[in-house]
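**Student:** So that you have it, the file is target_35.pdb, and it contains PDB, C-alpha atoms and all ligand atoms:
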ATOM      1  CA  MET P   1     -43.358  35.906  42.007
ATOM      2  CA  ASP P   2     -42.386  34.559  38.645
ATOM      3  CA  THR P   3     -41.437  35.974  35.282
ATOM      4  CA  ALA P   4     -43.905  36.892  32.564
ATOM      5  CA  SER P   5     -46.125  34.070  31.482
ATOM      6  CA  PRO P   6     -47.426  33.577  27.943
ATOM      7  CA  TYR P   7     -50.872  34.045  29.490
ATOM      8  CA  PRO P   8     -50.745  37.628  30.673
ATOM      9  CA  CYS P   9     -51.944  38.118  34.152
ATOM     10  CA  ALA P  10     -52.597  34.584  35.168
ATOM     11  CA  ASN P  11     -52.207  35.795  38.761
ATOM     12  CA  SER P  12     -52.955  39.487  38.568
ATOM     13  CA  ALA P  13     -56.233  41.104  37.615
ATOM     14  CA  LEU P  14     -55.693  43.716  34.928
ATOM     15  CA  SER P  15     -57.025  47.259  34.718
ATOM     16  CA  ASN P  16     -58.305  49.017  31.597
ATOM     17  CA  THR P  17     -55.105  51.029  31.373
ATOM     18  CA  ARG P  18     -52.416  50.126  28.875
ATOM     19  CA  PHE P  19     -48.778  50.907  29.692
ATOM     20  CA  PHE P  20     -48.813  52.854  26.454
ATOM     21  CA  ASP P  21     -51.534  55.202  27.813
ATOM     22  CA  LEU P  22     -49.895  56.096  31.132
ATOM     23  CA  LYS P  23     -49.253  59.778  31.871
ATOM     24  CA  PRO P  24     -46.554  60.966  31.988
ATOM     25  CA  PRO P  25     -45.788  58.698  29.030
ATOM     26  CA  LEU P  26     -43.238  55.926  29.379
ATOM     27  CA  SER P  27     -40.121  56.027  27.213
ATOM     28  CA  GLU P  28     -39.963  54.070  23.988
ATOM     29  CA  PRO P  29     -37.311  51.564  25.223
ATOM     30  CA  VAL P  30     -39.364  50.738  28.343
ATOM     31  CA  LEU P  31     -42.561  50.308  26.285
ATOM     32  CA  GLN P  32     -40.597  48.044  23.975
ATOM     33  CA  ALA P  33     -39.304  45.941  26.905
ATOM     34  CA  LEU P  34     -42.869  45.679  28.272
ATOM     35  CA  THR P  35     -44.170  44.505  24.898
ATOM     36  CA  GLU P  36     -41.366  41.957  24.608
ATOM     37  CA  GLY P  37     -42.244  40.676  28.101
ATOM     38  CA  GLY P  38     -45.884  40.244  27.065
ATOM     39  CA  PHE P  39     -47.133  43.118  29.233
ATOM     40  CA  ASP P  40     -49.823  45.232  27.612
ATOM     41  CA  PHE P  41     -52.393  46.238  30.255
ATOM     42  CA  CYS P  42     -51.389  47.406  33.740
ATOM     43  CA  THR P  43     -52.550  45.745  36.917
ATOM     44  CA  PRO P  44     -54.349  48.253  39.228
ATOM     45  CA  VAL P  45     -51.277  48.759  41.419
ATOM     46  CA  GLN P  46     -49.155  49.482  38.350
ATOM     47  CA  ALA P  47     -51.736  51.898  36.876
ATOM     48  CA  ALA P  48     -51.811  53.850  40.150
ATOM     49  CA  THR P  49     -48.182  53.717  41.231
ATOM     50  CA  ILE P  50     -46.174  54.238  38.027
ATOM     51  CA  PRO P  51     -47.594  57.734  37.224
ATOM     52  CA  LEU P  52     -47.159  58.842  40.855
ATOM     53  CA  LEU P  53     -43.493  57.856  41.138
ATOM     54  CA  CYS P  54     -42.824  59.270  37.655
ATOM     55  CA  SER P  55     -44.372  62.585  38.818
ATOM     56  CA  PHE P  56     -41.971  63.090  41.738
ATOM     57  CA  LYS P  57     -44.300  61.662  44.432
ATOM     58  CA  ASP P  58     -43.355  59.280  47.198
ATOM     59  CA  VAL P  59     -45.758  56.350  47.518
ATOM     60  CA  ALA P  60     -46.794  54.009  50.317
ATOM     61  CA  VAL P  61     -48.393  51.040  48.603
ATOM     62  CA  ASP P  62     -50.578  48.518  50.342
ATOM     63  CA  ALA P  63     -50.724  45.582  47.923
ATOM     64  CA  ALA P  64     -51.052  41.841  48.237
ATOM     65  CA  THR P  65     -48.664  39.255  46.846
ATOM     66  CA  GLY P  66     -49.223  38.673  43.154
ATOM     67  CA  SER P  67     -50.712  42.118  42.462
ATOM     68  CA  GLY P  68     -47.875  42.969  40.083
ATOM     69  CA  LYS P  69     -45.959  45.275  42.384
ATOM     70  CA  THR P  70     -42.528  44.353  41.015
ATOM     71  CA  LEU P  71     -43.203  46.112  37.707
ATOM     72  CA  ALA P  72     -45.019  48.853  39.657
ATOM     73  CA  PHE P  73     -41.625  49.929  41.018
ATOM     74  CA  VAL P  74     -39.187  48.642  38.379
ATOM     75  CA  VAL P  75     -40.801  50.605  35.527
ATOM     76  CA  PRO P  76     -40.805  54.049  37.228
ATOM     77  CA  LEU P  77     -37.366  53.422  38.705
ATOM     78  CA  VAL P  78     -35.937  52.866  35.240
ATOM     79  CA  GLU P  79     -37.759  55.945  33.893
ATOM     80  CA  ILE P  80     -36.412  58.085  36.720
ATOM     81  CA  LEU P  81     -32.863  56.816  36.202
ATOM     82  CA  ARG P  82     -33.121  57.416  32.458
ATOM     83  CA  ARG P  83     -34.130  61.035  33.046
ATOM     84  CA  ALA P  84     -31.458  61.557  35.682
ATOM     85  CA  SER P  85     -28.371  60.426  33.826
ATOM     86  CA  THR P  86     -27.524  58.882  30.498
ATOM     87  CA  ASN P  87     -23.996  57.984  31.412
ATOM     88  CA  PRO P  88     -23.378  57.542  35.143
ATOM     89  CA  LYS P  89     -19.881  57.161  36.527
ATOM     90  CA  PRO P  90     -19.023  53.600  37.632
ATOM     91  CA  HIS P  91     -19.423  54.165  41.386
ATOM     92  CA  GLN P  92     -22.328  56.571  41.210
ATOM     93  CA  VAL P  93     -25.160  54.753  43.011
ATOM     94  CA  MET P  94     -28.465  56.199  41.785
ATOM     95  CA  GLY P  95     -31.024  53.719  43.043
ATOM     96  CA  MET P  96     -31.597  50.915  45.500
ATOM     97  CA  ILE P  97     -34.242  48.194  45.902
ATOM     98  CA  ILE P  98     -34.323  46.516  49.311
ATOM     99  CA  SER P  99     -36.265  43.295  49.842
ATOM    100  CA  PRO P 100     -36.334  40.838  52.745
ATOM    101  CA  THR P 101     -34.969  37.625  51.206
ATOM    102  CA  ARG P 102     -32.293  36.427  48.796
ATOM    103  CA  GLU P 103     -34.907  34.717  46.644
ATOM    104  CA  LEU P 104     -37.078  37.796  46.372
ATOM    105  CA  SER P 105     -34.075  39.999  45.580
ATOM    106  CA  SER P 106     -32.963  37.589  42.840
ATOM    107  CA  GLN P 107     -36.462  37.545  41.381
ATOM    108  CA  ILE P 108     -36.600  41.336  41.341
ATOM    109  CA  TYR P 109     -33.143  41.420  39.728
ATOM    110  CA  ASN P 110     -34.322  39.079  36.968
ATOM    111  CA  VAL P 111     -37.537  41.035  36.333
ATOM    112  CA  ALA P 112     -35.540  44.301  36.278
ATOM    113  CA  LYS P 113     -32.783  43.084  33.926
ATOM    114  CA  PRO P 114     -34.482  43.697  30.547
ATOM    115  CA  PHE P 115     -35.536  47.173  31.701
ATOM    116  CA  ILE P 116     -32.145  48.101  33.165
ATOM    117  CA  SER P 117     -30.481  47.004  29.936
ATOM    118  CA  THR P 118     -32.317  49.861  28.159
ATOM    119  CA  LEU P 119     -30.137  52.279  30.176
ATOM    120  CA  PRO P 120     -26.794  52.834  28.455
ATOM    121  CA  ASN P 121     -23.675  52.062  30.522
ATOM    122  CA  PHE P 122     -25.687  51.247  33.592
ATOM    123  CA  LYS P 123     -24.511  48.596  36.046
ATOM    124  CA  CYS P 124     -26.981  46.777  38.289
ATOM    125  CA  VAL P 125     -25.626  44.619  41.128
ATOM    126  CA  LEU P 126     -27.393  41.945  43.180
ATOM    127  CA  LEU P 127     -26.225  42.052  46.809
ATOM    128  CA  VAL P 128     -27.490  39.243  49.033
ATOM    129  CA  GLY P 129     -26.131  37.106  51.858
ATOM    130  CA  GLY P 130     -24.757  33.618  51.340
ATOM    131  CA  GLY P 131     -21.633  34.501  49.389
ATOM    132  CA  GLN P 132     -18.461  36.273  50.522
ATOM    133  CA  VAL P 133     -18.945  39.982  51.089
ATOM    134  CA  LYS P 134     -15.353  40.525  49.912
ATOM    135  CA  ALA P 135     -16.308  39.113  46.510
ATOM    136  CA  ASP P 136     -19.111  41.689  46.234
ATOM    137  CA  VAL P 137     -16.730  44.498  47.219
ATOM    138  CA  LYS P 138     -14.222  43.360  44.574
ATOM    139  CA  LEU P 139     -16.907  43.109  41.899
ATOM    140  CA  ILE P 140     -18.162  46.647  42.638
ATOM    141  CA  GLN P 141     -14.608  48.021  42.743
ATOM    142  CA  GLU P 142     -13.824  46.493  39.372
ATOM    143  CA  GLU P 143     -17.101  46.922  37.520
ATOM    144  CA  GLY P 144     -18.947  49.693  39.365
ATOM    145  CA  ALA P 145     -22.536  49.824  40.629
ATOM    146  CA  ASN P 146     -25.306  52.250  39.657
ATOM    147  CA  LEU P 147     -28.295  50.308  40.998
ATOM    148  CA  LEU P 148     -28.158  48.047  44.049
ATOM    149  CA  ILE P 149     -30.759  45.311  44.541
ATOM    150  CA  GLY P 150     -30.514  43.201  47.666
ATOM    151  CA  THR P 151     -31.195  42.304  51.244
ATOM    152  CA  PRO P 152     -30.714  44.856  54.052
ATOM    153  CA  GLY P 153     -27.867  43.065  55.855
ATOM    154  CA  ARG P 154     -25.631  42.801  52.791
ATOM    155  CA  LEU P 155     -26.488  46.289  51.523
ATOM    156  CA  TYR P 156     -25.687  47.745  54.946
ATOM    157  CA  ASP P 157     -22.418  45.813  55.058
ATOM    158  CA  ILE P 158     -21.360  47.033  51.608
ATOM    159  CA  MET P 159     -22.191  50.639  52.447
ATOM    160  CA  GLU P 160     -20.180  50.364  55.681
ATOM    161  CA  ARG P 161     -17.144  48.992  53.856
ATOM    162  CA  MET P 162     -17.142  51.025  50.665
ATOM    163  CA  ASP P 163     -16.457  54.727  51.050
ATOM    164  CA  SER P 164     -15.913  54.884  47.314
ATOM    165  CA  LEU P 165     -19.648  54.551  46.622
ATOM    166  CA  ASP P 166     -20.899  57.948  45.548
ATOM    167  CA  LEU P 167     -24.470  58.550  46.720
ATOM    168  CA  ARG P 168     -24.665  62.247  45.830
ATOM    169  CA  ASN P 169     -26.787  61.638  42.741
ATOM    170  CA  PHE P 170     -29.038  59.093  44.406
ATOM    171  CA  GLU P 171     -32.569  59.255  42.944
ATOM    172  CA  ILE P 172     -34.826  56.484  44.178
ATOM    173  CA  LEU P 173     -35.170  54.055  47.079
ATOM    174  CA  ILE P 174     -37.639  51.145  47.027
ATOM    175  CA  LEU P 175     -38.525  49.215  50.165
ATOM    176  CA  ASP P 176     -40.301  46.017  49.089
ATOM    177  CA  GLU P 177     -42.307  43.907  51.534
ATOM    178  CA  ALA P 178     -41.687  46.457  54.262
ATOM    179  CA  ASP P 179     -43.778  44.512  56.747
ATOM    180  CA  ARG P 180     -41.554  41.445  56.332
ATOM    181  CA  LEU P 181     -38.392  43.557  56.421
ATOM    182  CA  LEU P 182     -39.442  44.795  59.853
ATOM    183  CA  ASP P 183     -40.755  41.425  61.089
ATOM    184  CA  MET P 184     -37.354  39.940  60.254
ATOM    185  CA  GLY P 185     -35.624  42.489  62.478
ATOM    186  CA  PHE P 186     -33.992  44.712  59.840
ATOM    187  CA  GLN P 187     -35.095  48.010  61.404
ATOM    188  CA  LYS P 188     -31.545  49.074  62.342
ATOM    189  CA  GLN P 189     -30.084  48.369  58.908
ATOM    190  CA  LEU P 190     -32.992  50.130  57.182
ATOM    191  CA  THR P 191     -32.669  53.197  59.389
ATOM    192  CA  ASP P 192     -28.942  53.291  58.729
ATOM    193  CA  ILE P 193     -29.329  52.944  54.955
ATOM    194  CA  ILE P 194     -32.056  55.627  54.893
ATOM    195  CA  SER P 195     -29.827  57.982  56.883
ATOM    196  CA  ARG P 196     -27.001  57.581  54.320
ATOM    197  CA  VAL P 197     -28.941  58.292  51.120
ATOM    198  CA  PRO P 198     -29.772  61.918  50.257
ATOM    199  CA  LYS P 199     -33.086  63.279  51.545
ATOM    200  CA  LEU P 200     -33.958  64.711  48.162
ATOM    201  CA  ARG P 201     -34.961  61.486  46.491
ATOM    202  CA  ARG P 202     -38.057  59.511  45.662
ATOM    203  CA  THR P 203     -39.083  56.629  47.902
ATOM    204  CA  GLY P 204     -41.583  53.841  47.351
ATOM    205  CA  LEU P 205     -42.633  51.640  50.249
ATOM    206  CA  PHE P 206     -44.556  48.455  49.431
ATOM    207  CA  SER P 207     -46.234  46.317  52.064
ATOM    208  CA  ALA P 208     -48.936  43.653  52.243
ATOM    209  CA  THR P 209     -50.021  44.719  55.731
ATOM    210  CA  GLN P 210     -50.082  48.116  57.411
ATOM    211  CA  THR P 211     -48.668  47.675  60.892
ATOM    212  CA  GLU P 212     -47.688  50.458  63.279
ATOM    213  CA  ALA P 213     -44.020  49.670  62.535
ATOM    214  CA  VAL P 214     -44.622  50.066  58.783
ATOM    215  CA  GLU P 215     -46.382  53.411  59.415
ATOM    216  CA  GLU P 216     -43.409  54.516  61.480
ATOM    217  CA  LEU P 217     -40.990  53.535  58.716
ATOM    218  CA  ALA P 218     -43.151  55.449  56.201
ATOM    219  CA  ARG P 219     -43.042  58.539  58.432
ATOM    220  CA  ALA P 220     -39.253  58.268  58.758
ATOM    221  CA  GLY P 221     -38.421  57.483  55.144
ATOM    222  CA  LEU P 222     -41.076  59.116  52.946
ATOM    223  CA  ARG P 223     -41.946  62.751  52.182
ATOM    224  CA  ASN P 224     -45.661  63.597  51.851
ATOM    225  CA  PRO P 225     -46.401  60.179  50.406
ATOM    226  CA  VAL P 226     -49.499  59.232  48.471
ATOM    227  CA  ARG P 227     -51.025  56.037  49.753
ATOM    228  CA  VAL P 228     -52.072  53.466  47.169
ATOM    229  CA  GLU P 229     -54.272  50.688  48.399
ATOM    230  CA  VAL P 230     -55.091  47.601  46.352
ATOM    231  CA  ARG P 231     -57.543  45.278  47.982
ATOM    232  CA  ALA P 232     -59.567  42.255  46.949
ATOM    233  CA  GLU P 233     -63.120  43.266  46.116
ATOM    234  CA  SER P 234     -65.923  41.767  48.179
ATOM    235  CA  LYS P 235     -67.707  38.894  46.503
ATOM    236  CA  SER P 236     -70.899  40.862  45.825
ATOM    237  CA  ASN P 237     -68.946  43.745  44.250
ATOM    238  CA  LYS P 238     -66.984  41.269  42.207
ATOM    239  CA  ASP P 239     -70.119  39.529  40.961
ATOM    240  CA  SER P 240     -71.746  42.771  39.879
ATOM    241  CA  ALA P 241     -68.502  44.004  38.295
ATOM    242  CA  LEU P 242     -68.118  40.766  36.410
ATOM    243  CA  SER P 243     -71.722  40.782  35.295
ATOM    244  CA  GLN P 244     -71.110  44.129  33.594
ATOM    245  CA  GLN P 245     -68.171  42.836  31.573
ATOM    246  CA  SER P 246     -68.449  41.460  28.097
ATOM    247  CA  ALA P 247     -66.931  38.044  27.464
ATOM    248  CA  SER P 248     -64.018  39.617  25.586
ATOM    249  CA  SER P 249     -63.311  42.224  28.260
ATOM    250  CA  LYS P 250     -59.629  42.625  29.128
ATOM    251  CA  THR P 251     -60.422  43.865  32.609
ATOM    252  CA  PRO P 252     -60.863  40.937  34.947
ATOM    253  CA  SER P 253     -62.068  42.155  38.283
ATOM    254  CA  GLY P 254     -60.903  41.171  41.772
ATOM    255  CA  LEU P 255     -58.681  44.049  42.736
ATOM    256  CA  ALA P 256     -59.739  47.589  43.466
ATOM    257  CA  ILE P 257     -57.550  50.613  43.751
ATOM    258  CA  GLU P 258     -57.668  53.548  46.069
ATOM    259  CA  ALA P 259     -55.174  56.413  46.194
ATOM    260  CA  CYS P 260     -55.168  59.170  48.765
ATOM    261  CA  SER P 261     -52.669  61.497  50.379
ATOM    262  CA  LEU P 262     -51.238  60.487  53.719
ATOM    263  CA  THR P 263     -51.372  63.185  56.319
TER     264      THR P 263
HETATM  265  N1  LIG P 301     -49.245  44.057  33.666
HETATM  266  C1  LIG P 301     -49.130  42.744  33.679
HETATM  267  N2  LIG P 301     -49.646  41.998  32.684
HETATM  268  C2  LIG P 301     -49.526  40.659  32.720
HETATM  269  N3  LIG P 301     -48.924  39.959  33.694
HETATM  270  C3  LIG P 301     -48.404  40.652  34.719
HETATM  271  C4  LIG P 301     -48.464  42.071  34.759
HETATM  272  N4  LIG P 301     -47.838  42.503  35.888
HETATM  273  C5  LIG P 301     -47.385  41.401  36.515
HETATM  274  N5  LIG P 301     -47.742  40.284  35.818
HETATM  275  C6  LIG P 301     -47.438  38.902  36.184
HETATM  276  O1  LIG P 301     -48.147  38.637  37.392
HETATM  277  C7  LIG P 301     -47.369  37.820  38.258
HETATM  278  C8  LIG P 301     -47.256  38.481  39.619
HETATM  279  O2  LIG P 301     -46.536  39.689  39.485
HETATM  280  P1  LIG P 301     -45.447  40.100  40.570
HETATM  281  O3  LIG P 301     -44.593  38.935  40.791
HETATM  282  O4  LIG P 301     -44.863  41.384  40.170
HETATM  283  O5  LIG P 301     -46.401  40.342  41.773
HETATM  284  P2  LIG P 301     -45.923  40.722  43.188
HETATM  285  O6  LIG P 301     -47.051  41.485  43.749
HETATM  286  O7  LIG P 301     -44.587  41.351  43.162
HETATM  287  O8  LIG P 301     -45.823  39.270  43.785
HETATM  288  P3  LIG P 301     -44.919  38.790  44.992
HETATM  289  O9  LIG P 301     -45.467  39.486  46.180
HETATM  290  O10 LIG P 301     -45.133  37.310  44.954
HETATM  291  O11 LIG P 301     -43.514  39.168  44.714
HETATM  292  C9  LIG P 301     -46.048  37.586  37.557
HETATM  293  O12 LIG P 301     -46.117  36.342  36.906
HETATM  294  C10 LIG P 301     -45.968  38.692  36.538
HETATM  295  O13 LIG P 301     -45.215  38.347  35.395
END
Please express what this file holds, its structure, as structure tokens.
Ligand SMILES: Nc1ncnc2c1ncn2[C@@H]1O[C@H](COP(=O)(O)OP(=O)(O)OP(=O)(O)O)[C@@H](O)[C@H]1O

**Tutor:**
Amino acid sequence: MDTASPYPCANSALSNTRFFDLKPPLSEPVLQALTEGGFDFCTPVQAATIPLLCSFKDVAVDAATGSGKTLAFVVPLVEILRRASTNPKPHQVMGMIISPTRELSSQIYNVAKPFISTLPNFKCVLLVGGGQVKADVKLIQEEGANLLIGTPGRLYDIMERMDSLDLRNFEILILDEADRLLDMGFQKQLTDIISRVPKLRRTGLFSATQTEAVEELARAGLRNPVRVEVRAESKSNKDSALSQQSASSKTPSGLAIEACSLT
């Protein structure tokens, strides 16, 4: 995953849907941040997922690497936090994004930064292994934390140590690369974190593969989720789709979207 390129969607096929056209509509500051990042059209996973999360639905998203899933959860997360509180207290944790590695968490943090900065008085903290946990505790004590982005081990550790974190107004939990989170043995930490955050929240689970363990995590952590599936189109479909596009079309093919309710 990298940051926005000057050539929009070098890696991700785009849909016909502009961020501007999504329903419910995105807020002006988020649309502005998208424009500044060079993002105009949504990828299929963004077009499907953003409206669902913004409409109080949990989602279980099956999407490959490079499909644009980071913005698919960062954008609705910021919209949900904007609606929930304009001025959170310093230790009021309202959202959390859990990903399997330090690198991935840092990348998400960097993608999220321009969007988080549209929220007034909102503190986002990156919590990953490698550094001293005491330093993270001190930083949160001194500066507060309203959104936590990090790896499960460090997030679990911080939640164990810091009774002062107030989770009562928690709004949204994102589990990124859930298949890798489970493959890496983080089941216990995930279960513990899920048990600590309020049940009345939105949850998005993103995974490149649907294993039995991922299904089990979805059953434990999500409420009546909608499944969003983004898959590579077969070559013959792709050829016929491409043949129908004009040369100036802004809708490169290659990814198809499917959304259905999980039962
Ligand atoms: N709507 C968009 N328009 C143009 N470019 C986009 C859009 N959404 C994402 N991209 C770009 O596509 C690339 C892949 O996006 P992103 O990193 O979010 O995918 P991902 O599915 O999270 O990948 P990974 O699994 O590697 O983390 C990035 O360079 C990103 O800036």

**Student:** Every residue with an atom at most 12 Å from (-15.8, 43.5, 42.3) (file coordinates; only C-alpha atoms) is what I'm after, so could you write them as an MDAnalysis selection string?

**Tutor:** chainID P and resid 90:91 123 125:127 132:145 158 162

**Student:** From the list P:Lys57, P:Arg180, P:Lys89, P:Arg223, which residue is nearest ligand LIG 301 (chain P) when using all atoms listed in the file?

**Tutor:**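 Between P:Lys57, P:Arg180, P:Lys89, P:Arg223, the residue approaching ligand LIG 301 (chain P) most closely is P:Arg180.
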
**Student:** From the list P:Ile174, P:Lys199, P:Ala13, P:Ile193, which residue is nearest P:Ala60 when using all atoms listed in the file?

**Tutor:** P:Ile174

**Student:** Restricting the calculation to only C-alpha atoms, which member of P:Ala84, P:Val228, P:Val128, P:Leu167 is positioned closest to P:Leu52?

**Tutor:**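 Counting only C-alpha atoms, the residue closest to P:Leu52 is P:Val228.
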
**Student:** With only C-alpha atoms as the basis for distance, which of P:Leu205, P:Val75, P:Ala47, P:Leu22 is at the shortest distance from P:Val226?

**Tutor:**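 Result for the nearest residue to P:Val226: P:Leu205.
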
**Student:** Can you work out the spacing between atom CA of P:Glu212 and atom CA of P:Ile98 in Å, to one decimal?

**Tutor:**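 Rounded to one decimal, the two atoms are 19.7 Å apart.
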
**Student:** Which residues are near P:Lys23? Cut-off 12 Å, only C-alpha atoms, ignore same chain within fewer than 3 positions. Put them as a PyMOL selection string.

**Tutor:** chain P and resi 17-20+26-27+47-55+76

**Student:** Applying 10 Å and only C-alpha atoms, which residues near P:Ser195 remain after dropping the ones on its own chain fewer than 6 positions away? List them as a VMD selection string.

**Tutor:** chain P and resid 189 220 to 221

**Student:** Which one of P:Pro29, P:Gly38, P:Pro198, P:Pro225 sits closest to P:Val93 if you count only C-alpha atoms?

**Tutor:**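 Comparing P:Pro29, P:Gly38, P:Pro198, P:Pro225 against P:Val93, the winner is P:Pro198.
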
**Student:** Just checking: using only C-alpha atoms and all ligand atoms, which residue out of P:Gly37, P:Pro24, P:Pro88, P:Gly66 ends up closest to ligand LIG 301 (chain P)?

**Tutor:**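 Selected residue with least distance to ligand LIG 301 (chain P): P:Gly66.
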
**Student:** Need to verify the contact set: P:Val45, 7 Å, all atoms listed in the file, exclusion of same-chain residues closer than 6 positions in sequence. Can you return it as a PyMOL selection string?

**Tutor:** chain P and resi 67-69+72+230+257
